Amino acid sequence: MKIGILALQGNVREHINILKKLDAETIIVKLPKDLENIDALIIPGGESTTISLLMKKYKLNTAIKKKHKQGMPIYGTCAGAILLAKEIIKDKIPNLNLIDISIERNSYGRQIASFEAELSIKDIGNFNGVFIRAPVIKRFYNGAEILSEHKNNPVMVKQDNILITTFHPELTDDARVHEYFLNMAQEYKEVREMQKDIERL
Ligand code: GLN
């Protein structure tokens with residue numbers, strides 16, 4: 001399985017390290033051509049404004065949306081989740097609009113900007129959530145499924161081939177969220193291969 005990591009800014013190395021633990025092949029994505037041979041993409045945490053500007057500059061936003069349409073799964077952590085959202089409340093950041101949620105940046109406020117919390121994740125179990133200047137998902141729409149909540153706010157959401165967490169599993173030693181995403185990637189890879197076989201008939 002080849003997993004691309006969008007490497008414009010943010011926690012790139014940490015995702016690579018945790019994916020290596022799971023024996024996944026990792027590919028650094030800096031330009032649209034780097035998306036060609038990957039099975040799935042991770043958009044890391046960092047600064048959503050910076051990542052968004054660079055994505056636009058290198059025409060990665062249109063390239064990513066095109067690959068997503070062809071069935072490529074995408075996992076966004078924190079800033080990555082912000083960029084995948086349908087709506088970013090208050091801020092005017094060019095977003096990918098691939099998951100039906102409205103999200104607000106830095107929404108926990110200065111006092112508790114960063115914290116850890118014991119989460120319960122559907123199909124995974126208890127998980128230590130590391131939140132760093134995290135956004136809050138304020139609204140979600142029909143297609144999105146909540147996999148975990150913290151104090152009534154969704155913190156892990158899935159919609160078809162998109163997964164987001166407002167916390168950072170890559171900053172722990174626990175690879176189970178990444179493993180969950182690899183399983184999603186495997187499922188979608190098999191579907192794409194089946195479609196190709198059908199087209200060949
Ligand atoms: N506060 C950052 C933003 O708004 C996200 C923080 C993170 O990714 N850890 O882009």
# chains A, B, ... in the order shown; residues from 1 in each chain; ligands from 1
$ residues_near_ligand --ligand "ligand 1" --cutoff "12 Å" --atoms "only C-alpha atoms and all ligand atoms" --output "PyMOL selection string"
chain A and resi 9-12+43-53+76-84+88-93+95+103-110+113-115+130-136+164-171
$ closest_atom_pairs --of "stretch 28-143 of chain A" --to "stretch 193-198 of chain A" --cutoff "12 Å" --atoms "only C-alpha atoms" --output "tab-separated table"
residue	atom	partner	partner_atom	distance
A:Asp39	CA	A:Glu193	CA	11.2
A:Gln70	CA	A:Gln195	CA	10.6
A:Gly71	CA	A:Gln195	CA	10.6
A:Met72	CA	A:Glu193	CA	12.0
$ write_last_selection --atoms "C-alpha atoms" --output "compact mmCIF listing (two decimals), in the first residue's frame"
# COMPACT_ATOMS: atom_id res chain seq x y z
CA ASP A 39 -3.39 4.58 -3.01
CA GLN A 70 -11.53 8.62 -8.74
CA GLY A 71 -11.88 7.00 -5.29
CA MET A 72 -8.63 7.89 -3.50
$ atom_distance --atom1 "atom CA of A:Ile5" --atom2 "atom CA of A:Gly125"
25.6 Å
$ residues_around --residues "stretch 143-157 of chain A" --least-positions-apart "3" --cutoff "8 Å" --atoms "only C-alpha atoms" --output "number ranges by chain"
A: 99-101, 117, 119-122, 136-138, 140, 160, 163-167
$ select_by_dssp --residues "stretch 99-188 of chain A" --states "alpha helix (DSSP H)" --output "JSON, numbers by chain"
{"A": [176, 177, 178, 179, 180, 181, 182, 183, 184, 185, 186, 187, 188]}
$ write_last_selection --atoms "N, CA, C and O atoms" --output "JSON list (two decimals), in the first residue's frame"
[["chain", "number", "residue", "atom", "x", "y", "z"],
["A", 176, "ARG", "N", -3.27, 2.67, 15.87],
["A", 176, "ARG", "CA", -4.57, 2.08, 15.48],
["A", 176, "ARG", "C", -5.43, 2.96, 14.58],
["A", 176, "ARG", "O", -6.18, 2.45, 13.76],
["A", 177, "VAL", "N", -5.33, 4.30, 14.71],
["A", 177, "VAL", "CA", -6.12, 5.16, 13.81],
["A", 177, "VAL", "C", -5.53, 5.07, 12.39],
["A", 177, "VAL", "O", -6.27, 4.98, 11.40],
["A", 178, "HIS", "N", -4.22, 5.04, 12.31],
["A", 178, "HIS", "CA", -3.58, 4.90, 10.98],
["A", 178, "HIS", "C", -3.90, 3.53, 10.38],
["A", 178, "HIS", "O", -4.11, 3.42, 9.17],
["A", 179, "GLU", "N", -3.97, 2.52, 11.23],
["A", 179, "GLU", "CA", -4.31, 1.18, 10.76],
["A", 179, "GLU", "C", -5.75, 1.18, 10.19],
["A", 179, "GLU", "O", -6.03, 0.58, 9.16],
["A", 180, "TYR", "N", -6.63, 1.89, 10.88],
["A", 180, "TYR", "CA", -8.02, 2.03, 10.44],
["A", 180, "TYR", "C", -8.05, 2.66, 9.04],
["A", 180, "TYR", "O", -8.75, 2.22, 8.14],
["A", 181, "PHE", "N", -7.21, 3.71, 8.87],
["A", 181, "PHE", "CA", -7.17, 4.39, 7.56],
["A", 181, "PHE", "C", -6.57, 3.46, 6.49],
["A", 181, "PHE", "O", -7.04, 3.45, 5.35],
["A", 182, "LEU", "N", -5.57, 2.68, 6.86],
["A", 182, "LEU", "CA", -4.99, 1.74, 5.88],
["A", 182, "LEU", "C", -6.03, 0.73, 5.43],
["A", 182, "LEU", "O", -6.07, 0.35, 4.25],
["A", 183, "ASN", "N", -6.88, 0.30, 6.36],
["A", 183, "ASN", "CA", -7.95, -0.63, 5.98],
["A", 183, "ASN", "C", -8.92, 0.02, 4.99],
["A", 183, "ASN", "O", -9.37, -0.60, 4.03],
["A", 184, "MET", "N", -9.23, 1.32, 5.25],
["A", 184, "MET", "CA", -10.08, 2.07, 4.31],
["A", 184, "MET", "C", -9.40, 2.11, 2.94],
["A", 184, "MET", "O", -10.02, 1.91, 1.91],
["A", 185, "ALA", "N", -8.11, 2.40, 2.95],
["A", 185, "ALA", "CA", -7.35, 2.53, 1.69],
["A", 185, "ALA", "C", -7.38, 1.20, 0.94],
["A", 185, "ALA", "O", -7.55, 1.18, -0.29],
["A", 186, "GLN", "N", -7.23, 0.10, 1.67],
["A", 186, "GLN", "CA", -7.24, -1.23, 1.05],
["A", 186, "GLN", "C", -8.59, -1.51, 0.40],
["A", 186, "GLN", "O", -8.67, -1.97, -0.74],
["A", 187, "GLU", "N", -9.65, -1.19, 1.14],
["A", 187, "GLU", "CA", -11.02, -1.41, 0.64],
["A", 187, "GLU", "C", -11.24, -0.66, -0.68],
["A", 187, "GLU", "O", -11.72, -1.22, -1.66],
["A", 188, "TYR", "N", -10.86, 0.62, -0.68],
["A", 188, "TYR", "CA", -11.08, 1.44, -1.88],
["A", 188, "TYR", "C", -10.18, 1.02, -3.03],
["A", 188, "TYR", "O", -10.55, 1.13, -4.19]]
$ atom_distance --atom1 "atom CA of A:Leu35" --atom2 "atom CA of A:Ala63"
7.8 Å
$ closest_residue --among "A:Lys2, A:Arg200, A:Arg139, A:Lys86" --to "A:Leu41" --atoms "only C-alpha atoms"
A:Lys2
$ closest_residue --among "A:Lys21, A:Tyr75, A:Leu6, A:Asp173" --to "A:Asn61" --atoms "only C-alpha atoms"
A:Leu6
$ residues_around --residues "A:His68" --least-positions-apart "4" --cutoff "10 Å" --atoms "only C-alpha atoms" --output "compact mmCIF listing (two decimals) with all heavy atoms, in the first residue's frame"
# COMPACT_ATOMS: atom_id res chain seq x y z
N ALA A 40 -3.61 6.29 -1.28
CA ALA A 40 -4.35 7.14 -0.34
C ALA A 40 -3.45 8.30 0.06
O ALA A 40 -2.23 8.25 -0.15
CB ALA A 40 -4.74 6.32 0.88
N LEU A 41 -4.06 9.34 0.63
CA LEU A 41 -3.30 10.56 0.97
C LEU A 41 -3.59 10.98 2.41
O LEU A 41 -4.73 10.90 2.87
CB LEU A 41 -3.72 11.69 0.02
CG LEU A 41 -3.08 13.07 0.25
CD1 LEU A 41 -1.60 13.05 -0.15
CD2 LEU A 41 -3.81 14.16 -0.54
N THR A 62 -6.75 21.21 -7.02
CA THR A 62 -7.54 20.59 -8.10
C THR A 62 -7.09 19.15 -8.33
O THR A 62 -7.92 18.27 -8.57
CB THR A 62 -7.42 21.38 -9.42
OG1 THR A 62 -6.08 21.80 -9.57
CG2 THR A 62 -8.33 22.57 -9.47
N ALA A 63 -5.79 18.91 -8.24
CA ALA A 63 -5.27 17.54 -8.45
C ALA A 63 -5.79 16.59 -7.37
O ALA A 63 -6.18 15.46 -7.66
CB ALA A 63 -3.75 17.56 -8.45
N ILE A 64 -5.84 17.06 -6.13
CA ILE A 64 -6.32 16.20 -5.03
C ILE A 64 -7.82 15.91 -5.21
O ILE A 64 -8.27 14.78 -5.06
CB ILE A 64 -6.06 16.87 -3.65
CG1 ILE A 64 -4.55 16.86 -3.35
CG2 ILE A 64 -6.83 16.18 -2.53
CD1 ILE A 64 -4.13 17.68 -2.14
N MET A 72 -9.77 7.92 -4.42
CA MET A 72 -8.63 7.89 -3.50
C MET A 72 -9.03 8.37 -2.09
O MET A 72 -9.51 9.48 -1.93
CB MET A 72 -7.51 8.79 -4.02
CG MET A 72 -6.32 8.85 -3.07
SD MET A 72 -5.07 10.06 -3.57
CE MET A 72 -5.89 11.61 -3.12
N PRO A 73 -8.84 7.53 -1.05
CA PRO A 73 -9.16 7.96 0.31
C PRO A 73 -8.18 9.03 0.81
O PRO A 73 -7.01 9.04 0.45
CB PRO A 73 -9.02 6.69 1.15
CG PRO A 73 -9.12 5.58 0.18
CD PRO A 73 -8.48 6.10 -1.08
N ILE A 74 -8.70 9.94 1.64
CA ILE A 74 -7.88 11.01 2.21
C ILE A 74 -8.14 11.07 3.71
O ILE A 74 -9.30 11.01 4.15
CB ILE A 74 -8.22 12.39 1.60
CG1 ILE A 74 -8.17 12.33 0.06
CG2 ILE A 74 -7.24 13.46 2.11
CD1 ILE A 74 -8.58 13.63 -0.62
N LEU A 98 -14.57 18.53 0.81
CA LEU A 98 -14.77 17.11 0.52
C LEU A 98 -15.51 16.35 1.62
O LEU A 98 -15.81 15.18 1.46
CB LEU A 98 -13.42 16.43 0.24
CG LEU A 98 -12.71 16.90 -1.03
CD1 LEU A 98 -11.37 16.20 -1.19
CD2 LEU A 98 -13.56 16.68 -2.27
N ASN A 161 -14.93 8.03 1.48
CA ASN A 161 -13.48 7.77 1.50
C ASN A 161 -12.69 8.90 2.16
O ASN A 161 -11.49 9.04 1.94
CB ASN A 161 -12.96 7.51 0.07
CG ASN A 161 -13.28 8.62 -0.89
OD1 ASN A 161 -14.04 9.52 -0.56
ND2 ASN A 161 -12.72 8.57 -2.08
N ILE A 162 -13.37 9.70 2.98
CA ILE A 162 -12.68 10.77 3.71
C ILE A 162 -12.75 10.50 5.21
O ILE A 162 -13.81 10.19 5.75
CB ILE A 162 -13.34 12.15 3.45
CG1 ILE A 162 -13.37 12.49 1.96
CG2 ILE A 162 -12.64 13.25 4.25
CD1 ILE A 162 -12.07 12.95 1.38
